[in-house]
file protein.pdb (PDB, C-alpha atoms)
ATOM      1  CA  MET P 866     111.229 114.951 124.261
ATOM      2  CA  LYS P 867     110.942 116.573 120.861
ATOM      3  CA  ALA P 868     107.615 115.543 119.330
ATOM      4  CA  LEU P 869     106.446 115.928 115.740
ATOM      5  CA  VAL P 870     102.643 116.073 115.440
ATOM      6  CA  THR P 871     101.270 115.733 111.913
ATOM      7  CA  GLY P 872      97.840 117.300 111.547
ATOM      8  CA  GLY P 873      98.585 119.211 114.727
ATOM      9  CA  ALA P 874      96.286 122.134 113.898
ATOM     10  CA  GLY P 875      93.336 119.770 113.778
ATOM     11  CA  PHE P 876      90.924 118.952 116.558
ATOM     12  CA  ILE P 877      92.770 116.068 118.241
ATOM     13  CA  GLY P 878      96.238 117.215 117.177
ATOM     14  CA  SER P 879      95.869 120.620 118.803
ATOM     15  CA  HIS P 880      94.791 119.099 122.125
ATOM     16  CA  LEU P 881      97.677 116.626 121.960
ATOM     17  CA  SER P 882     100.184 119.399 121.204
ATOM     18  CA  GLU P 883      98.834 121.435 124.098
ATOM     19  CA  LYS P 884      99.215 118.511 126.524
ATOM     20  CA  LEU P 885     102.734 117.647 125.356
ATOM     21  CA  ILE P 886     103.880 121.235 125.876
ATOM     22  CA  GLU P 887     102.156 121.298 129.259
ATOM     23  CA  GLN P 888     104.257 118.326 130.383
ATOM     24  CA  GLY P 889     107.473 120.010 129.199
ATOM     25  CA  ASP P 890     108.002 118.522 125.744
ATOM     26  CA  TYR P 891     108.994 120.429 122.613
ATOM     27  CA  VAL P 892     106.412 120.195 119.831
ATOM     28  CA  THR P 893     106.636 120.782 116.098
ATOM     29  CA  VAL P 894     103.340 120.728 114.221
ATOM     30  CA  ILE P 895     102.986 120.198 110.486
ATOM     31  CA  ASP P 896      99.582 120.927 108.977
ATOM     32  CA  ASP P 897      98.518 122.212 105.562
ATOM     33  CA  LEU P 898      95.377 123.772 107.130
ATOM     34  CA  SER P 899      93.108 122.065 104.598
ATOM     35  CA  THR P 900      90.912 120.840 107.446
ATOM     36  CA  GLY P 901      92.947 122.008 110.426
ATOM     37  CA  ASN P 902      92.489 125.493 111.821
ATOM     38  CA  PHE P 903      95.314 127.827 112.798
ATOM     39  CA  ASN P 904      93.121 129.235 115.586
ATOM     40  CA  ASN P 905      93.352 125.836 117.312
ATOM     41  CA  ILE P 906      97.066 126.394 117.951
ATOM     42  CA  LYS P 907      97.330 130.180 117.825
ATOM     43  CA  HIS P 908      97.623 130.341 121.622
ATOM     44  CA  LEU P 909     100.733 128.130 121.442
ATOM     45  CA  THR P 910     102.708 130.159 118.895
ATOM     46  CA  ASP P 911     104.475 132.359 121.454
ATOM     47  CA  ASN P 912     105.601 129.359 123.496
ATOM     48  CA  PRO P 913     109.333 128.655 123.038
ATOM     49  CA  HIS P 914     108.551 124.913 123.103
ATOM     50  CA  PHE P 915     106.353 125.172 119.989
ATOM     51  CA  ASN P 916     107.079 125.346 116.256
ATOM     52  CA  PHE P 917     104.669 125.241 113.338
ATOM     53  CA  ALA P 918     105.115 124.427 109.645
ATOM     54  CA  ILE P 919     102.316 125.118 107.159
ATOM     55  CA  GLU P 920     103.044 122.301 104.732
ATOM     56  CA  THR P 921     101.677 119.025 103.424
ATOM     57  CA  ILE P 922     102.933 115.677 104.681
ATOM     58  CA  LEU P 923     103.341 114.721 101.004
ATOM     59  CA  ASP P 924     106.444 116.946 100.793
ATOM     60  CA  GLU P 925     109.206 114.404 101.408
ATOM     61  CA  LEU P 926     111.996 116.971 101.847
ATOM     62  CA  VAL P 927     110.134 118.806 104.585
ATOM     63  CA  ILE P 928     109.168 115.565 106.308
ATOM     64  CA  ASP P 929     112.761 114.330 106.188
ATOM     65  CA  ARG P 930     114.008 117.435 107.973
ATOM     66  CA  LEU P 931     111.276 117.433 110.614
ATOM     67  CA  VAL P 932     111.595 113.715 111.362
ATOM     68  CA  SER P 933     115.390 113.945 111.627
ATOM     69  CA  GLU P 934     114.992 116.626 114.299
ATOM     70  CA  CYS P 935     112.392 114.902 116.497
ATOM     71  CA  ASP P 936     112.424 112.065 119.048
ATOM     72  CA  ILE P 937     108.890 110.761 118.447
ATOM     73  CA  ILE P 938     106.190 111.144 115.796
ATOM     74  CA  TYR P 939     102.450 111.350 116.391
ATOM     75  CA  HIS P 940     100.932 110.801 112.957
ATOM     76  CA  LEU P 941      97.390 112.204 112.978
ATOM     77  CA  ALA P 942      97.238 113.897 109.562
ATOM     78  CA  ALA P 943      94.483 112.388 107.395
ATOM     79  CA  VAL P 944      91.381 113.277 105.447
ATOM     80  CA  VAL P 945      88.508 112.604 107.844
ATOM     81  CA  GLY P 946      84.733 112.967 108.013
ATOM     82  CA  VAL P 947      82.189 111.037 105.974
ATOM     83  CA  GLU P 948      81.068 114.031 103.912
ATOM     84  CA  LEU P 949      84.606 115.039 102.955
ATOM     85  CA  VAL P 950      85.685 111.478 102.171
ATOM     86  CA  VAL P 951      82.730 110.922  99.839
ATOM     87  CA  LYS P 952      83.314 114.238  98.036
ATOM     88  CA  GLU P 953      87.137 114.149  97.934
ATOM     89  CA  SER P 954      87.997 110.520  97.155
ATOM     90  CA  VAL P 955      91.311 111.125  95.372
ATOM     91  CA  ARG P 956      92.529 113.479  98.070
ATOM     92  CA  THR P 957      91.507 110.964 100.757
ATOM     93  CA  ILE P 958      93.492 108.114  99.233
ATOM     94  CA  GLU P 959      96.555 110.222  98.415
ATOM     95  CA  THR P 960      96.742 111.870 101.831
ATOM     96  CA  ASN P 961      95.965 108.795 103.894
ATOM     97  CA  VAL P 962      97.996 106.229 101.959
ATOM     98  CA  LEU P 963     100.833 108.192 100.352
ATOM     99  CA  GLY P 964     101.172 110.478 103.364
ATOM    100  CA  THR P 965     101.466 107.568 105.773
ATOM    101  CA  THR P 966     103.892 105.797 103.436
ATOM    102  CA  ILE P 967     106.153 108.849 103.493
ATOM    103  CA  MET P 968     105.913 109.127 107.278
ATOM    104  CA  LEU P 969     106.761 105.451 107.855
ATOM    105  CA  LYS P 970     109.585 105.428 105.312
ATOM    106  CA  THR P 971     111.137 108.530 106.846
ATOM    107  CA  ALA P 972     110.633 107.339 110.411
ATOM    108  CA  ASN P 973     112.415 104.131 109.471
ATOM    109  CA  ARG P 974     115.305 106.073 107.905
ATOM    110  CA  TYR P 975     116.009 107.653 111.293
ATOM    111  CA  LYS P 976     114.479 104.858 113.432
ATOM    112  CA  LYS P 977     112.097 107.247 115.157
ATOM    113  CA  ARG P 978     109.151 105.904 117.156
ATOM    114  CA  ILE P 979     105.804 106.603 115.496
ATOM    115  CA  ILE P 980     102.306 106.609 116.977
ATOM    116  CA  LEU P 981      99.854 106.013 114.131
ATOM    117  CA  THR P 982      96.240 107.034 114.698
ATOM    118  CA  SER P 983      93.744 104.830 112.908
ATOM    119  CA  THR P 984      89.969 104.549 113.140
ATOM    120  CA  SER P 985      86.994 102.467 114.205
ATOM    121  CA  GLU P 986      85.962 102.602 110.544
ATOM    122  CA  ILE P 987      88.451  99.733 110.142
ATOM    123  CA  TYR P 988      85.729  97.358 111.357
ATOM    124  CA  GLY P 989      83.480  98.253 108.421
ATOM    125  CA  LYS P 990      79.993  96.745 108.387
ATOM    126  CA  GLY P 991      80.643  94.294 111.209
ATOM    127  CA  VAL P 992      77.670  93.630 113.480
ATOM    128  CA  ASN P 993      79.504  92.619 116.668
ATOM    129  CA  ASP P 994      78.185  93.912 119.973
ATOM    130  CA  SER P 995      81.701  95.284 120.499
ATOM    131  CA  PHE P 996      84.851  95.124 118.385
ATOM    132  CA  GLY P 997      88.193  93.694 119.509
ATOM    133  CA  GLU P 998      91.498  94.484 117.849
ATOM    134  CA  ASN P 999      91.776  91.052 116.185
ATOM    135  CA  ASP P1000      88.164  90.714 115.026
ATOM    136  CA  ASP P1001      87.358  90.012 111.391
ATOM    137  CA  ARG P1002      86.304  92.991 109.301
ATOM    138  CA  LEU P1003      83.594  93.380 106.651
ATOM    139  CA  MET P1004      83.909  96.088 103.989
ATOM    140  CA  GLY P1005      81.382  97.249 101.420
ATOM    141  CA  PRO P1006      81.937  97.146  97.635
ATOM    142  CA  ILE P1007      84.715  99.235  96.114
ATOM    143  CA  VAL P1008      82.213 101.082  93.898
ATOM    144  CA  ASN P1009      80.862 102.680  97.076
ATOM    145  CA  SER P1010      83.128 105.584  98.039
ATOM    146  CA  ARG P1011      81.806 105.307 101.605
ATOM    147  CA  TRP P1012      84.504 102.699 102.283
ATOM    148  CA  ILE P1013      87.496 104.603 100.936
ATOM    149  CA  TYR P1014      88.470 105.966 104.332
ATOM    150  CA  ALA P1015      88.242 102.566 106.028
ATOM    151  CA  CYS P1016      90.260 100.866 103.286
ATOM    152  CA  SER P1017      92.914 103.590 103.193
ATOM    153  CA  LYS P1018      93.421 103.364 106.959
ATOM    154  CA  SER P1019      93.484  99.555 106.732
ATOM    155  CA  LEU P1020      96.369  99.805 104.288
ATOM    156  CA  ASP P1021      98.100 102.252 106.645
ATOM    157  CA  GLU P1022      97.860  99.671 109.424
ATOM    158  CA  PHE P1023      99.139  96.828 107.245
ATOM    159  CA  LEU P1024     102.107  98.944 106.179
ATOM    160  CA  ALA P1025     102.884 100.072 109.734
ATOM    161  CA  LEU P1026     102.914  96.494 111.037
ATOM    162  CA  ALA P1027     105.037  95.425 108.062
ATOM    163  CA  TYR P1028     107.603  98.078 108.989
ATOM    164  CA  PHE P1029     107.569  96.795 112.573
ATOM    165  CA  ASN P1030     107.897  93.123 111.650
ATOM    166  CA  GLN P1031     110.316  93.439 108.752
ATOM    167  CA  LYS P1032     112.365  96.511 109.641
ATOM    168  CA  LYS P1033     111.924  96.662 113.439
ATOM    169  CA  LEU P1034     110.500 100.187 113.312
ATOM    170  CA  PRO P1035     108.924 101.026 116.686
ATOM    171  CA  VAL P1036     105.304 101.761 115.773
ATOM    172  CA  VAL P1037     102.031 101.749 117.732
ATOM    173  CA  ILE P1038      98.579 101.732 116.101
ATOM    174  CA  CYS P1039      95.733 103.502 117.905
ATOM    175  CA  ARG P1040      92.184 102.942 116.634
ATOM    176  CA  LEU P1041      90.073 105.891 117.753
ATOM    177  CA  PHE P1042      86.315 105.571 118.258
ATOM    178  CA  ASN P1043      84.279 108.770 117.799
ATOM    179  CA  THR P1044      86.379 111.325 119.654
ATOM    180  CA  ILE P1045      84.575 114.540 120.652
ATOM    181  CA  GLY P1046      85.404 117.805 122.397
ATOM    182  CA  PRO P1047      85.948 121.537 121.920
ATOM    183  CA  ARG P1048      87.486 122.589 118.559
ATOM    184  CA  GLN P1049      85.897 119.749 116.595
ATOM    185  CA  THR P1050      84.098 121.040 113.517
ATOM    186  CA  GLY P1051      80.842 119.784 112.078
ATOM    187  CA  PHE P1052      81.748 120.866 108.539
ATOM    188  CA  TYR P1053      82.827 117.397 107.423
ATOM    189  CA  GLY P1054      80.059 115.252 108.875
ATOM    190  CA  MET P1055      80.998 115.088 112.583
ATOM    191  CA  VAL P1056      77.658 114.604 114.276
ATOM    192  CA  VAL P1057      78.119 116.112 117.761
ATOM    193  CA  PRO P1058      79.384 119.596 116.779
ATOM    194  CA  ARG P1059      76.831 119.670 113.946
ATOM    195  CA  PHE P1060      73.950 118.925 116.321
ATOM    196  CA  ILE P1061      75.179 121.427 118.912
ATOM    197  CA  ARG P1062      75.647 124.193 116.361
ATOM    198  CA  GLN P1063      72.124 123.528 115.015
ATOM    199  CA  GLY P1064      70.684 123.603 118.526
ATOM    200  CA  LEU P1065      72.418 126.830 119.527
ATOM    201  CA  THR P1066      71.374 128.617 116.334
ATOM    202  CA  GLY P1067      67.739 127.557 116.636
ATOM    203  CA  LYS P1068      67.710 125.065 113.771
ATOM    204  CA  ASP P1069      65.968 121.697 113.944
ATOM    205  CA  LEU P1070      68.445 118.832 114.274
ATOM    206  CA  THR P1071      68.946 116.734 111.132
ATOM    207  CA  VAL P1072      69.442 113.015 111.777
ATOM    208  CA  TYR P1073      70.641 110.924 108.842
ATOM    209  CA  GLY P1074      68.850 107.605 108.419
ATOM    210  CA  ASP P1075      66.400 106.448 111.099
ATOM    211  CA  GLY P1076      68.613 107.435 114.036
ATOM    212  CA  ARG P1077      68.772 103.921 115.472
ATOM    213  CA  GLN P1078      72.481 103.591 114.697
ATOM    214  CA  SER P1079      74.509 103.789 117.920
ATOM    215  CA  ARG P1080      77.954 105.189 118.691
ATOM    216  CA  CYS P1081      80.273 105.587 121.693
ATOM    217  CA  PHE P1082      81.673 109.093 122.157
ATOM    218  CA  CYS P1083      84.973 109.622 123.971
ATOM    219  CA  ASN P1084      86.297 112.959 125.208
ATOM    220  CA  VAL P1085      89.455 114.189 123.501
ATOM    221  CA  THR P1086      91.168 114.684 126.873
ATOM    222  CA  ASP P1087      90.852 110.959 127.580
ATOM    223  CA  VAL P1088      92.044 110.092 124.064
ATOM    224  CA  VAL P1089      95.124 112.312 124.352
ATOM    225  CA  GLU P1090      95.950 110.687 127.678
ATOM    226  CA  ALA P1091      95.858 107.269 126.000
ATOM    227  CA  LEU P1092      98.036 108.389 123.078
ATOM    228  CA  ILE P1093     100.722 109.750 125.402
ATOM    229  CA  LEU P1094     100.507 106.698 127.646
ATOM    230  CA  LEU P1095     101.146 104.378 124.693
ATOM    231  CA  SER P1096     103.931 106.586 123.378
ATOM    232  CA  ASN P1097     105.828 106.230 126.638
ATOM    233  CA  SER P1098     106.017 102.431 126.688
ATOM    234  CA  SER P1099     108.085 100.206 124.403
ATOM    235  CA  LYS P1100     105.835  97.242 125.248
ATOM    236  CA  ALA P1101     103.191  98.880 123.024
ATOM    237  CA  ASP P1102     105.432  98.619 119.950
ATOM    238  CA  GLY P1103     103.948  96.529 117.162
ATOM    239  CA  GLU P1104     100.541  96.466 118.846
ATOM    240  CA  VAL P1105      97.071  97.732 117.930
ATOM    241  CA  TYR P1106      94.870  99.344 120.587
ATOM    242  CA  ASN P1107      91.240 100.422 120.554
ATOM    243  CA  ILE P1108      90.742 103.801 122.236
ATOM    244  CA  GLY P1109      87.226 104.945 123.011
ATOM    245  CA  SER P1110      84.260 104.963 125.343
ATOM    246  CA  THR P1111      82.137 101.854 125.862
ATOM    247  CA  GLN P1112      78.939 103.781 126.641
ATOM    248  CA  SER P1113      76.629 103.546 123.622
ATOM    249  CA  ILE P1114      73.906 105.980 122.608
ATOM    250  CA  THR P1115      71.711 106.013 119.509
ATOM    251  CA  ILE P1116      72.010 109.030 117.253
ATOM    252  CA  CYS P1117      68.330 109.768 117.814
ATOM    253  CA  ASP P1118      68.807 109.778 121.603
ATOM    254  CA  LEU P1119      71.918 111.927 121.172
ATOM    255  CA  ALA P1120      69.838 114.461 119.238
ATOM    256  CA  LYS P1121      67.187 114.463 121.968
ATOM    257  CA  LYS P1122      69.831 114.992 124.643
ATOM    258  CA  ILE P1123      71.383 117.927 122.768
ATOM    259  CA  ILE P1124      67.963 119.493 122.184
ATOM    260  CA  SER P1125      67.337 119.333 125.939
ATOM    261  CA  LEU P1126      70.684 121.064 126.557
ATOM    262  CA  THR P1127      70.347 123.781 123.920
ATOM    263  CA  ASN P1128      66.757 124.548 122.852
ATOM    264  CA  ASN P1129      63.755 122.486 123.914
ATOM    265  CA  SER P1130      61.550 124.012 121.219
ATOM    266  CA  LEU P1131      63.447 122.268 118.425
ATOM    267  CA  LYS P1132      62.527 118.988 116.774
ATOM    268  CA  ILE P1133      64.326 116.221 114.921
ATOM    269  CA  ILE P1134      64.165 115.999 111.132
ATOM    270  CA  PHE P1135      65.092 112.648 109.607
ATOM    271  CA  VAL P1136      67.040 112.868 106.340
ATOM    272  CA  PRO P1137      67.494 109.743 104.161
ATOM    273  CA  TYR P1138      71.106 108.693 103.658
ATOM    274  CA  GLU P1139      70.644 108.975  99.903
ATOM    275  CA  GLU P1140      69.716 112.623 100.249
ATOM    276  CA  ALA P1141      72.672 113.373 102.514
ATOM    277  CA  TYR P1142      75.421 111.348 100.829
ATOM    278  CA  GLY P1143      74.085 110.032  97.530
ATOM    279  CA  GLU P1144      72.781 106.700  96.268
ATOM    280  CA  GLY P1145      74.049 103.480  97.821
ATOM    281  CA  PHE P1146      75.404 104.956 101.051
ATOM    282  CA  GLU P1147      75.871 102.376 103.825
ATOM    283  CA  ASP P1148      76.228 102.912 107.555
ATOM    284  CA  MET P1149      77.113 100.730 110.539
ATOM    285  CA  LEU P1150      74.357  99.930 113.019
ATOM    286  CA  ARG P1151      76.690  99.996 115.993
ATOM    287  CA  ARG P1152      80.330 100.849 116.703
ATOM    288  CA  LYS P1153      81.452  99.979 120.218
ATOM    289  CA  PRO P1154      85.065  99.231 121.177
ATOM    290  CA  ASN P1155      86.322  96.433 123.343
ATOM    291  CA  ILE P1156      89.032  98.223 125.360
ATOM    292  CA  LYS P1157      90.196  95.326 127.542
ATOM    293  CA  LYS P1158      93.598  95.274 125.843
ATOM    294  CA  ILE P1159      94.622  98.839 126.681
ATOM    295  CA  HIS P1160      92.954  98.649 130.093
ATOM    296  CA  ASN P1161      94.734  95.430 131.078
ATOM    297  CA  ALA P1162      98.123  96.597 129.776
ATOM    298  CA  PHE P1163      98.057 100.245 130.853
ATOM    299  CA  ASN P1164      95.078 100.612 133.201
ATOM    300  CA  TRP P1165      93.498 103.157 130.840
ATOM    301  CA  GLN P1166      89.797 103.820 130.566
ATOM    302  CA  PRO P1167      87.742 106.943 129.805
ATOM    303  CA  ARG P1168      86.954 109.185 132.767
ATOM    304  CA  ILE P1169      84.847 112.000 131.283
ATOM    305  CA  SER P1170      81.115 111.380 130.821
ATOM    306  CA  LEU P1171      79.155 112.140 127.664
ATOM    307  CA  ASP P1172      77.104 114.762 129.511
ATOM    308  CA  ASP P1173      80.232 116.580 130.689
ATOM    309  CA  SER P1174      81.711 116.393 127.192
ATOM    310  CA  LEU P1175      78.579 117.845 125.615
ATOM    311  CA  GLN P1176      78.476 120.655 128.146
ATOM    312  CA  SER P1177      82.088 121.649 127.443
ATOM    313  CA  ILE P1178      81.416 121.666 123.691
ATOM    314  CA  ILE P1179      78.285 123.775 124.166
ATOM    315  CA  GLU P1180      80.262 126.324 126.184
ATOM    316  CA  TYR P1181      82.967 126.400 123.508
ATOM    317  CA  GLU P1182      80.432 126.885 120.691
ATOM    318  CA  LYS P1183      78.626 129.619 122.631
ATOM    319  CA  ASP P1184      81.894 131.533 122.830
ATOM    320  CA  LEU P1185      82.388 131.200 119.075
ATOM    321  CA  LEU P1186      78.824 132.357 118.422
ATOM    322  CA  ASN P1187      78.966 135.145 121.042
ATOM    323  CA  ILE P1188      76.040 133.629 122.921
ATOM    324  CA  PRO P1189      75.966 134.513 126.668
ATOM    325  CA  GLN P1190      76.805 131.569 128.918
TER
END

call {"tool": "encode", "arguments": {"input": "protein.pdb", "output": "structure tokens"}}
result
Amino acid sequence: MKALVTGGAGFIGSHLSEKLIEQGDYVTVIDDLSTGNFNNIKHLTDNPHFNFAIETILDELVIDRLVSECDIIYHLAAVVGVELVVKESVRTIETNVLGTTIMLKTANRYKKRIILTSTSEIYGKGVNDSFGENDDRLMGPIVNSRWIYACSKSLDEFLALAYFNQKKLPVVICRLFNTIGPRQTGFYGMVVPRFIRQGLTGKDLTVYGDGRQSRCFCNVTDVVEALILLSNSSKADGEVYNIGSTQSITICDLAKKIISLTNNSLKIIFVPYEEAYGEGFEDMLRRKPNIKKIHNAFNWQPRISLDDSLQSIIEYEKDLLNIPQ
């Protein structure tokens, strides 16, 4: 197979590209390196199965050529991370909405299968114990830029399903819940790499809000396995699947766990949301996926524990910081 991975120099995209090449596929990555990192894919550049284009997905001529040459598209390119979304609202909307529009339009021109990665942010301020793919969603007011990412990805999903229903484009929507692993950066608000980097550099861990909000963290290896599994089956076309762990942990307990793994002398500092993100910021109390749909259809479930994931990230960060293992 010839795969096109948009955002392939990013955290998840680089792991996906690596796995596809490992199983014998040819991979072309397009990434403008605005949030992706060339070092994530540098080790692949000498592989004859790998090609890389430094370009934006908003360039329709480039996208047309790359899509015409591939067999399948994994569309991961997006503006992500709470901090970046709040600060770069225009860029978020243009990249997430216009970029996905271009990808779907071009995929339809050549009738190429497309795997669209979406997000648990879709569920907004819902208070369910766990969220199923067809659950109702509750969004905050449009004056609050916190919800731009969720709304932009919602529109992406609506458009993707419209292409499937109206134009018979083979498309699969994958809603990812808090993916973690080596290569993820904490620069844009990702909590796990931020906590680990603070712990390894001897800085107290900063928890936004009261820390009682809970999340489920899934290892990128498990997520990539799910993406490839769904890409290989036509029965997934036109469907939406949650992908994530079902093991919840509060952010405060996550901070305590990382302190115990990095530097027991550190403490937790609580930072009000307003101080971190500005007035009116809203957060979700819990975000846990119901994964019965993908499990029943494809027998997929996460295999890697949170503790093992954290340990692998700590080892990766120690290498970057030149800290002895």

call {"tool": "resolve_selection", "arguments": {"input": "protein.pdb", "expression": "the PyMOL selection byres ((chain P and resi 1008) around 12)", "output": "number ranges by chain"}}
result
P: 951, 954, 1004-1007, 1009-1013, 1144-1147

call {"tool": "residues_around", "arguments": {"input": "protein.pdb", "residues": "range 969-976 of chain P", "least_positions_apart": "2", "cutoff": "12 Å", "atoms": "all atoms listed in the file", "output": "number ranges by chain"}}
result
P: 869, 922-940, 961-967, 978-981, 1021-1029, 1031-1037

call {"tool": "resolve_selection", "arguments": {"input": "protein.pdb", "expression": "the PyMOL selection byres ((chain P and resi 893-897) around 7)", "output": "ChimeraX atom specification"}}
result
/P:868-874,891-892,898-899,901,915-921

call {"tool": "resolve_selection", "arguments": {"input": "protein.pdb", "expression": "the PyMOL selection byres ((chain P and resi 1132) around 7)", "output": "ChimeraX atom specification"}}
result
/P:1069-1070,1130-1131,1133-1134

call {"tool": "residues_around", "arguments": {"input": "protein.pdb", "residues": "Asn1164 in chain P", "least_positions_apart": "4", "cutoff": "10 Å", "atoms": "all atoms listed in the file", "output": "list in words"}}
result
Ala1091, Leu1094, Lys1157, Lys1158, Ile1159 and His1160 of chain P

call {"tool": "build_atoms", "arguments": {"input": "protein.pdb", "residues": "range 1088-1112 of chain P", "atoms": "N, CA and C atoms", "output": "PDB file, keeping the file's coordinate frame"}}
result
ATOM      1  N   VAL P1088      91.342 110.654 125.220  1.00  0.00           N
ATOM      2  CA  VAL P1088      92.044 110.092 124.064  1.00  0.00           C
ATOM      3  C   VAL P1088      93.507 110.524 124.065  1.00  0.00           C
ATOM      4  N   VAL P1089      93.752 111.804 124.309  1.00  0.00           N
ATOM      5  CA  VAL P1089      95.124 112.312 124.352  1.00  0.00           C
ATOM      6  C   VAL P1089      95.923 111.616 125.453  1.00  0.00           C
ATOM      7  N   GLU P1090      95.285 111.404 126.588  1.00  0.00           N
ATOM      8  CA  GLU P1090      95.950 110.687 127.678  1.00  0.00           C
ATOM      9  C   GLU P1090      96.391 109.300 127.227  1.00  0.00           C
ATOM     10  N   ALA P1091      95.529 108.612 126.486  1.00  0.00           N
ATOM     11  CA  ALA P1091      95.858 107.269 126.000  1.00  0.00           C
ATOM     12  C   ALA P1091      97.002 107.306 124.994  1.00  0.00           C
ATOM     13  N   LEU P1092      96.979 108.278 124.075  1.00  0.00           N
ATOM     14  CA  LEU P1092      98.036 108.389 123.078  1.00  0.00           C
ATOM     15  C   LEU P1092      99.402 108.596 123.735  1.00  0.00           C
ATOM     16  N   ILE P1093      99.456 109.467 124.725  1.00  0.00           N
ATOM     17  CA  ILE P1093     100.722 109.750 125.402  1.00  0.00           C
ATOM     18  C   ILE P1093     101.164 108.547 126.231  1.00  0.00           C
ATOM     19  N   LEU P1094     100.209 107.897 126.857  1.00  0.00           N
ATOM     20  CA  LEU P1094     100.507 106.698 127.646  1.00  0.00           C
ATOM     21  C   LEU P1094     101.159 105.621 126.777  1.00  0.00           C
ATOM     22  N   LEU P1095     100.596 105.386 125.606  1.00  0.00           N
ATOM     23  CA  LEU P1095     101.146 104.378 124.693  1.00  0.00           C
ATOM     24  C   LEU P1095     102.492 104.806 124.124  1.00  0.00           C
ATOM     25  N   SER P1096     102.664 106.097 123.943  1.00  0.00           N
ATOM     26  CA  SER P1096     103.931 106.586 123.378  1.00  0.00           C
ATOM     27  C   SER P1096     105.091 106.433 124.343  1.00  0.00           C
ATOM     28  N   ASN P1097     104.784 106.286 125.613  1.00  0.00           N
ATOM     29  CA  ASN P1097     105.828 106.230 126.638  1.00  0.00           C
ATOM     30  C   ASN P1097     106.259 104.816 127.002  1.00  0.00           C
ATOM     31  N   SER P1098     105.702 103.814 126.314  1.00  0.00           N
ATOM     32  CA  SER P1098     106.017 102.431 126.688  1.00  0.00           C
ATOM     33  C   SER P1098     106.427 101.612 125.471  1.00  0.00           C
ATOM     34  N   SER P1099     107.605 101.028 125.513  1.00  0.00           N
ATOM     35  CA  SER P1099     108.085 100.206 124.403  1.00  0.00           C
ATOM     36  C   SER P1099     107.307  98.902 124.282  1.00  0.00           C
ATOM     37  N   LYS P1100     106.600  98.490 125.336  1.00  0.00           N
ATOM     38  CA  LYS P1100     105.835  97.242 125.248  1.00  0.00           C
ATOM     39  C   LYS P1100     104.607  97.396 124.339  1.00  0.00           C
ATOM     40  N   ALA P1101     104.295  98.653 123.958  1.00  0.00           N
ATOM     41  CA  ALA P1101     103.191  98.880 123.024  1.00  0.00           C
ATOM     42  C   ALA P1101     103.632  98.744 121.568  1.00  0.00           C
ATOM     43  N   ASP P1102     104.934  98.677 121.322  1.00  0.00           N
ATOM     44  CA  ASP P1102     105.432  98.619 119.950  1.00  0.00           C
ATOM     45  C   ASP P1102     104.893  97.397 119.215  1.00  0.00           C
ATOM     46  N   GLY P1103     104.461  97.617 117.974  1.00  0.00           N
ATOM     47  CA  GLY P1103     103.948  96.529 117.162  1.00  0.00           C
ATOM     48  C   GLY P1103     102.555  96.076 117.526  1.00  0.00           C
ATOM     49  N   GLU P1104     101.879  96.844 118.378  1.00  0.00           N
ATOM     50  CA  GLU P1104     100.541  96.466 118.846  1.00  0.00           C
ATOM     51  C   GLU P1104      99.483  97.423 118.301  1.00  0.00           C
ATOM     52  N   VAL P1105      98.233  96.939 118.321  1.00  0.00           N
ATOM     53  CA  VAL P1105      97.071  97.732 117.930  1.00  0.00           C
ATOM     54  C   VAL P1105      96.172  97.873 119.151  1.00  0.00           C
ATOM     55  N   TYR P1106      95.720  99.100 119.422  1.00  0.00           N
ATOM     56  CA  TYR P1106      94.870  99.344 120.587  1.00  0.00           C
ATOM     57  C   TYR P1106      93.626 100.132 120.194  1.00  0.00           C
ATOM     58  N   ASN P1107      92.467  99.633 120.636  1.00  0.00           N
ATOM     59  CA  ASN P1107      91.240 100.422 120.554  1.00  0.00           C
ATOM     60  C   ASN P1107      91.268 101.498 121.628  1.00  0.00           C
ATOM     61  N   ILE P1108      90.849 102.707 121.274  1.00  0.00           N
ATOM     62  CA  ILE P1108      90.742 103.801 122.236  1.00  0.00           C
ATOM     63  C   ILE P1108      89.372 104.439 122.074  1.00  0.00           C
ATOM     64  N   GLY P1109      88.559 104.355 123.098  1.00  0.00           N
ATOM     65  CA  GLY P1109      87.226 104.945 123.011  1.00  0.00           C
ATOM     66  C   GLY P1109      86.399 104.647 124.247  1.00  0.00           C
ATOM     67  N   SER P1110      85.221 105.213 124.270  1.00  0.00           N
ATOM     68  CA  SER P1110      84.260 104.963 125.343  1.00  0.00           C
ATOM     69  C   SER P1110      83.483 103.688 125.029  1.00  0.00           C
ATOM     70  N   THR P1111      82.973 103.044 126.060  1.00  0.00           N
ATOM     71  CA  THR P1111      82.137 101.854 125.862  1.00  0.00           C
ATOM     72  C   THR P1111      80.669 102.138 126.163  1.00  0.00           C
ATOM     73  N   GLN P1112      80.320 103.400 126.365  1.00  0.00           N
ATOM     74  CA  GLN P1112      78.939 103.781 126.641  1.00  0.00           C
ATOM     75  C   GLN P1112      78.241 104.159 125.344  1.00  0.00           C
TER      76      GLN P1112
END
